[in-house]
Amino acid sequence: MSQSGIVYLDHAATTPTAPEVLEAMLPYFSERYGNPSSLYSVGSEARAAVEHARESVAALIGAQPEEIYFTAGATESDNWAIKGAAWAHESRGRHIITSAIEHHAVLEPCHFLQKHGWEVTFVGVGSDGIVDPGDVAKAIRPDTILISIMHSNNEVGTIQPIAEIGQIAAERKILFHTDAVQSAGKVPLDVRELHCDMMSLSAHKLYGPKGVGALYLRKGARIAPLIEGGGQENRRRAGTSNVPGIVGMGAAFRLGAQQMEADARHQIPLRDRIIEGILQMPDTRLNGHRTQRLPNNVSVCIEGAEGEAMLLGLDQEGICVSSGSACTSGTLDPSHVLLAMGVPVEVAHGSLRITLGRGNTQEDVDKLLSVLPDVVERFRAMNPWYARQRKARRSPEAQTA
Ligand SMILES: *Cc1c(COP(=O)(O)O)cnc(C)c1O
């Protein structure tokens, strides 16, 4: 539990900035305010800090520092990878392959390109929320210029077979991008082993500041710029560098490398206790593969209770969780990820995502598991559809029918 008494269980939406990270950033707002592009010493001080951060980000994913380009977040990195690849390679073809479970930061640029003459194949997933590399291979056409499949899913936490898909893309000489935002600092990442040409990263999902991210672009891989202007980031991404943000991202990624194993050792038992606790309630199901999932992710469907209603009910008890993904909260559309997994619409409405972080404790889990059943019962009792379902399922005639 945090000092404020809030139990924060939504680390896939964002994380608190780690104290070490904030401390590393602070001087770059005040005494070290230089523009890293300036030639005098105040500038070179900032430049050195940005280059140190670049090394730290590269180190976490097995890249070279000169293959890391800082952006204003993973949304920009995803847009740049997809539109930049499309624009640079349109003379070779206008077909892109992605998956049906991508983050909106990938799906929307793909929809944009569809409106401008590109064709996009959205490969599906199994009921376990995992892309079959064979389906990706089957979708390849002579005019395919890009494959973009996320490393792990932000809603259901499934880890995708990226090395296999990367191998397929490499053999066919097709650019391969992966959105690894949710994986960075949680599971080992190595761009060479994964055979990826591009990887999107964000600072604020790994205890860094919001509004800063990076794109890994393999040396020799060619994409068009998205943001044009000055010559920053080796002339590939214009705009004065967000020095405090970049310094924070570097510090967060160094810390992430140090903490990765300890974080997983801490979070996996908590995750598994939450899963077991929730599945003890009737008419509940785990979304996504049981073991091929992020160490901090619990995604469940609780039939007969709206995800949004449960979220607000838990909030009244000081517990923060998400219903599906934060980006779709506010609308009542069920999650595109759950629908792609074949979860029925009525069931998908009862989705809840609980994502653990470094600060969570056994007491946090106890509190969630003691409060949630009452919240669920309260909403189920008000739901006539659920009452009918429950009755139909429990009646002997329904079982023999
Ligand atoms: C959060 C997230 C993004 C967007 O990152 P921002 O830095 O917030 O723009 C992209 N992809 C995935 C999988 C995410 O979880």
# chains A, B, ... in the order shown; residues from 1 in each chain; ligands from 1

$ residues_around --residues "A:Ala257" --least-positions-apart "3" --cutoff "8 Å" --atoms "only C-alpha atoms" --output "list in words"
Leu60, Gly185, Phe253, Arg254 and Met260 of chain A

$ select_by_dssp --residues "stretch 49-121 of chain A" --states "strand (DSSP E or B)" --output "ChimeraX atom specification"
/A:68-71,95-99,119-121

$ residues_around --residues "A:Ile68" --least-positions-apart "3" --cutoff "9 Å" --atoms "only C-alpha atoms" --output "list of chain:residue names"
A:Arg54, A:Glu55, A:Val57, A:Ala58, A:Ala63, A:Gln64, A:Pro65, A:Ala214, A:Leu215, A:Tyr216, A:Leu217, A:Arg218, A:Glu233

$ write_last_selection --atoms "N, CA, C and O atoms" --output "mmCIF file, in the first residue's frame"
data_model
loop_
_atom_site.group_PDB
_atom_site.id
_atom_site.type_symbol
_atom_site.label_atom_id
_atom_site.label_comp_id
_atom_site.auth_asym_id
_atom_site.auth_seq_id
_atom_site.Cartn_x
_atom_site.Cartn_y
_atom_site.Cartn_z
ATOM 1 N N ARG A 54 21.104 7.072 -23.622
ATOM 2 C CA ARG A 54 20.969 6.246 -24.832
ATOM 3 C C ARG A 54 21.650 4.889 -24.627
ATOM 4 O O ARG A 54 21.134 3.848 -25.041
ATOM 5 N N GLU A 55 22.819 4.927 -23.960
ATOM 6 C CA GLU A 55 23.530 3.666 -23.673
ATOM 7 C C GLU A 55 22.703 2.774 -22.750
ATOM 8 O O GLU A 55 22.654 1.550 -22.926
ATOM 9 N N VAL A 57 19.397 2.667 -22.341
ATOM 10 C CA VAL A 57 18.234 2.107 -23.033
ATOM 11 C C VAL A 57 18.699 0.978 -23.959
ATOM 12 O O VAL A 57 18.120 -0.112 -23.982
ATOM 13 N N ALA A 58 19.789 1.236 -24.692
ATOM 14 C CA ALA A 58 20.321 0.218 -25.615
ATOM 15 C C ALA A 58 20.687 -1.059 -24.851
ATOM 16 O O ALA A 58 20.401 -2.171 -25.306
ATOM 17 N N ALA A 63 20.911 -3.624 -27.899
ATOM 18 C CA ALA A 63 21.139 -2.816 -29.105
ATOM 19 C C ALA A 63 22.407 -1.991 -28.953
ATOM 20 O O ALA A 63 22.999 -1.921 -27.868
ATOM 21 N N GLN A 64 22.848 -1.356 -30.031
ATOM 22 C CA GLN A 64 23.924 -0.380 -29.985
ATOM 23 C C GLN A 64 23.304 0.980 -29.658
ATOM 24 O O GLN A 64 22.193 1.265 -30.134
ATOM 25 N N PRO A 65 24.031 1.845 -28.888
ATOM 26 C CA PRO A 65 23.444 3.156 -28.541
ATOM 27 C C PRO A 65 23.004 3.948 -29.771
ATOM 28 O O PRO A 65 21.956 4.611 -29.737
ATOM 29 N N ALA A 214 11.265 5.727 -26.865
ATOM 30 C CA ALA A 214 12.346 5.534 -27.823
ATOM 31 C C ALA A 214 11.904 4.553 -28.897
ATOM 32 O O ALA A 214 10.990 3.753 -28.690
ATOM 33 N N LEU A 215 12.550 4.702 -30.039
ATOM 34 C CA LEU A 215 12.441 3.677 -31.081
ATOM 35 C C LEU A 215 13.839 3.120 -31.323
ATOM 36 O O LEU A 215 14.779 3.889 -31.571
ATOM 37 N N TYR A 216 13.969 1.806 -31.207
ATOM 38 C CA TYR A 216 15.184 1.146 -31.660
ATOM 39 C C TYR A 216 15.012 0.939 -33.163
ATOM 40 O O TYR A 216 13.974 0.428 -33.615
ATOM 41 N N LEU A 217 15.998 1.395 -33.930
ATOM 42 C CA LEU A 217 15.980 1.189 -35.379
ATOM 43 C C LEU A 217 17.315 0.556 -35.745
ATOM 44 O O LEU A 217 18.377 1.183 -35.570
ATOM 45 N N ARG A 218 17.287 -0.662 -36.200
ATOM 46 C CA ARG A 218 18.505 -1.406 -36.519
ATOM 47 C C ARG A 218 19.346 -0.636 -37.531
ATOM 48 O O ARG A 218 18.805 -0.056 -38.481
ATOM 49 N N GLU A 233 18.782 13.929 -33.076
ATOM 50 C CA GLU A 233 18.692 12.455 -33.153
ATOM 51 C C GLU A 233 19.224 11.943 -34.499
ATOM 52 O O GLU A 233 18.549 11.211 -35.225
#

$ residues_near_ligand --ligand "ligand 1" --cutoff "7 Å" --atoms "only C-alpha atoms and all ligand atoms" --output "list in words"
Ala12, Ala13, Gly73, Ala74, Thr75, Glu76, His103, Ala105, Met150, Asn153, Asn154, Asp179, Ala180, Val181, Gln182, Ser202, Ala203, His204, Lys205, Lys210, Gly211, Val212 and Gly213 of chain A

$ atom_distance --atom1 "atom CA of A:Ala184" --atom2 "atom CA of A:Met199"
10.3 Å

$ residues_around --residues "A:Met341" --least-positions-apart "5" --cutoff "8 Å" --atoms "only C-alpha atoms" --output "VMD selection string"
chain A and resid 124 to 129

$ residues_around --residues "A:Ile174" --least-positions-apart "3" --cutoff "12 Å" --atoms "only C-alpha atoms" --output "PyMOL selection string"
chain A and resi 85-86+89+92-93+95-97+136-137+140-148+165-171+177+195-198+221-222

$ closest_residue --among "A:Ala264, A:Val375, A:Val156, A:Val187" --to "A:Ser351" --atoms "only C-alpha atoms"
A:Val156

$ decode --residues "stretch 60-90 of chain A" --atoms "N, CA, C and O atoms" --output "short mmCIF file (atom, residue, chain, number, x, y, z; two decimals), in the first residue's frame"
data_model
loop_
_atom_site.label_atom_id
_atom_site.label_comp_id
_atom_site.auth_asym_id
_atom_site.auth_seq_id
_atom_site.Cartn_x
_atom_site.Cartn_y
_atom_site.Cartn_z
N LEU A 60 19.48 -2.43 -22.21
CA LEU A 60 18.36 -3.29 -21.76
C LEU A 60 17.85 -4.20 -22.87
O LEU A 60 17.26 -5.24 -22.60
N ILE A 61 18.08 -3.82 -24.14
CA ILE A 61 17.51 -4.60 -25.25
C ILE A 61 18.58 -5.18 -26.19
O ILE A 61 18.26 -5.68 -27.26
N GLY A 62 19.84 -5.09 -25.78
CA GLY A 62 20.91 -5.68 -26.58
C GLY A 62 21.18 -4.95 -27.88
O GLY A 62 21.63 -5.54 -28.86
N ALA A 63 20.91 -3.62 -27.90
CA ALA A 63 21.14 -2.82 -29.11
C ALA A 63 22.41 -1.99 -28.95
O ALA A 63 23.00 -1.92 -27.87
N GLN A 64 22.85 -1.36 -30.03
CA GLN A 64 23.92 -0.38 -29.98
C GLN A 64 23.30 0.98 -29.66
O GLN A 64 22.19 1.27 -30.13
N PRO A 65 24.03 1.85 -28.89
CA PRO A 65 23.44 3.16 -28.54
C PRO A 65 23.00 3.95 -29.77
O PRO A 65 21.96 4.61 -29.74
N GLU A 66 23.76 3.86 -30.87
CA GLU A 66 23.39 4.67 -32.05
C GLU A 66 22.15 4.12 -32.77
O GLU A 66 21.69 4.70 -33.74
N GLU A 67 21.61 3.01 -32.27
CA GLU A 67 20.37 2.48 -32.83
C GLU A 67 19.14 2.94 -32.04
O GLU A 67 18.02 2.51 -32.34
N ILE A 68 19.34 3.78 -31.02
CA ILE A 68 18.24 4.25 -30.17
C ILE A 68 17.91 5.70 -30.52
O ILE A 68 18.80 6.57 -30.52
N TYR A 69 16.65 5.98 -30.82
CA TYR A 69 16.18 7.34 -31.13
C TYR A 69 15.13 7.71 -30.11
O TYR A 69 14.12 6.99 -29.97
N PHE A 70 15.34 8.83 -29.40
CA PHE A 70 14.36 9.25 -28.40
C PHE A 70 13.17 9.94 -29.06
O PHE A 70 13.32 10.67 -30.04
N THR A 71 11.98 9.67 -28.49
CA THR A 71 10.73 10.21 -29.01
C THR A 71 9.92 10.77 -27.83
O THR A 71 10.38 10.73 -26.69
N ALA A 72 8.72 11.22 -28.14
CA ALA A 72 7.85 11.75 -27.08
C ALA A 72 6.95 10.66 -26.50
O ALA A 72 5.91 10.95 -25.91
N GLY A 73 7.34 9.41 -26.65
CA GLY A 73 6.57 8.31 -26.06
C GLY A 73 6.37 7.20 -27.08
O GLY A 73 6.64 7.36 -28.28
N ALA A 74 5.87 6.07 -26.60
CA ALA A 74 5.73 4.92 -27.48
C ALA A 74 4.66 5.12 -28.54
O ALA A 74 4.72 4.50 -29.60
N THR A 75 3.69 5.99 -28.28
CA THR A 75 2.70 6.27 -29.32
C THR A 75 3.40 6.86 -30.54
O THR A 75 3.14 6.44 -31.68
N GLU A 76 4.31 7.79 -30.30
CA GLU A 76 5.08 8.34 -31.43
C GLU A 76 5.97 7.27 -32.06
O GLU A 76 6.05 7.16 -33.29
N SER A 77 6.61 6.46 -31.23
CA SER A 77 7.50 5.41 -31.76
C SER A 77 6.72 4.45 -32.67
O SER A 77 7.20 4.09 -33.75
N ASP A 78 5.53 4.05 -32.24
CA ASP A 78 4.71 3.14 -33.06
C ASP A 78 4.29 3.82 -34.36
O ASP A 78 4.37 3.22 -35.44
N ASN A 79 3.84 5.07 -34.27
CA ASN A 79 3.44 5.81 -35.48
C ASN A 79 4.60 5.94 -36.44
O ASN A 79 4.44 5.77 -37.66
N TRP A 80 5.77 6.25 -35.88
CA TRP A 80 6.95 6.46 -36.72
C TRP A 80 7.35 5.15 -37.42
O TRP A 80 7.59 5.13 -38.64
N ALA A 81 7.40 4.07 -36.64
CA ALA A 81 7.81 2.78 -37.21
C ALA A 81 6.89 2.40 -38.38
O ALA A 81 7.36 1.97 -39.45
N ILE A 82 5.59 2.57 -38.18
CA ILE A 82 4.63 2.07 -39.18
C ILE A 82 4.52 3.01 -40.37
O ILE A 82 4.69 2.59 -41.52
N LYS A 83 4.29 4.30 -40.10
CA LYS A 83 4.18 5.24 -41.23
C LYS A 83 5.54 5.42 -41.91
O LYS A 83 5.62 5.50 -43.14
N GLY A 84 6.61 5.47 -41.11
CA GLY A 84 7.94 5.66 -41.68
C GLY A 84 8.34 4.50 -42.58
O GLY A 84 8.94 4.70 -43.64
N ALA A 85 8.00 3.27 -42.18
CA ALA A 85 8.30 2.10 -43.02
C ALA A 85 7.44 2.14 -44.28
O ALA A 85 7.92 1.87 -45.39
N ALA A 86 6.16 2.48 -44.10
CA ALA A 86 5.25 2.52 -45.26
C ALA A 86 5.74 3.52 -46.29
O ALA A 86 5.81 3.22 -47.49
N TRP A 87 6.11 4.72 -45.82
CA TRP A 87 6.52 5.77 -46.76
C TRP A 87 7.85 5.47 -47.43
O TRP A 87 8.06 5.79 -48.59
N ALA A 88 8.77 4.84 -46.68
CA ALA A 88 10.10 4.58 -47.25
C ALA A 88 10.07 3.43 -48.25
O ALA A 88 10.95 3.34 -49.11
N HIS A 89 9.10 2.53 -48.13
CA HIS A 89 9.15 1.31 -48.94
C HIS A 89 7.95 1.14 -49.87
O HIS A 89 7.73 0.05 -50.39
N GLU A 90 7.19 2.22 -50.10
CA GLU A 90 5.97 2.04 -50.88
C GLU A 90 6.24 1.65 -52.33
O GLU A 90 5.39 1.03 -52.97
#
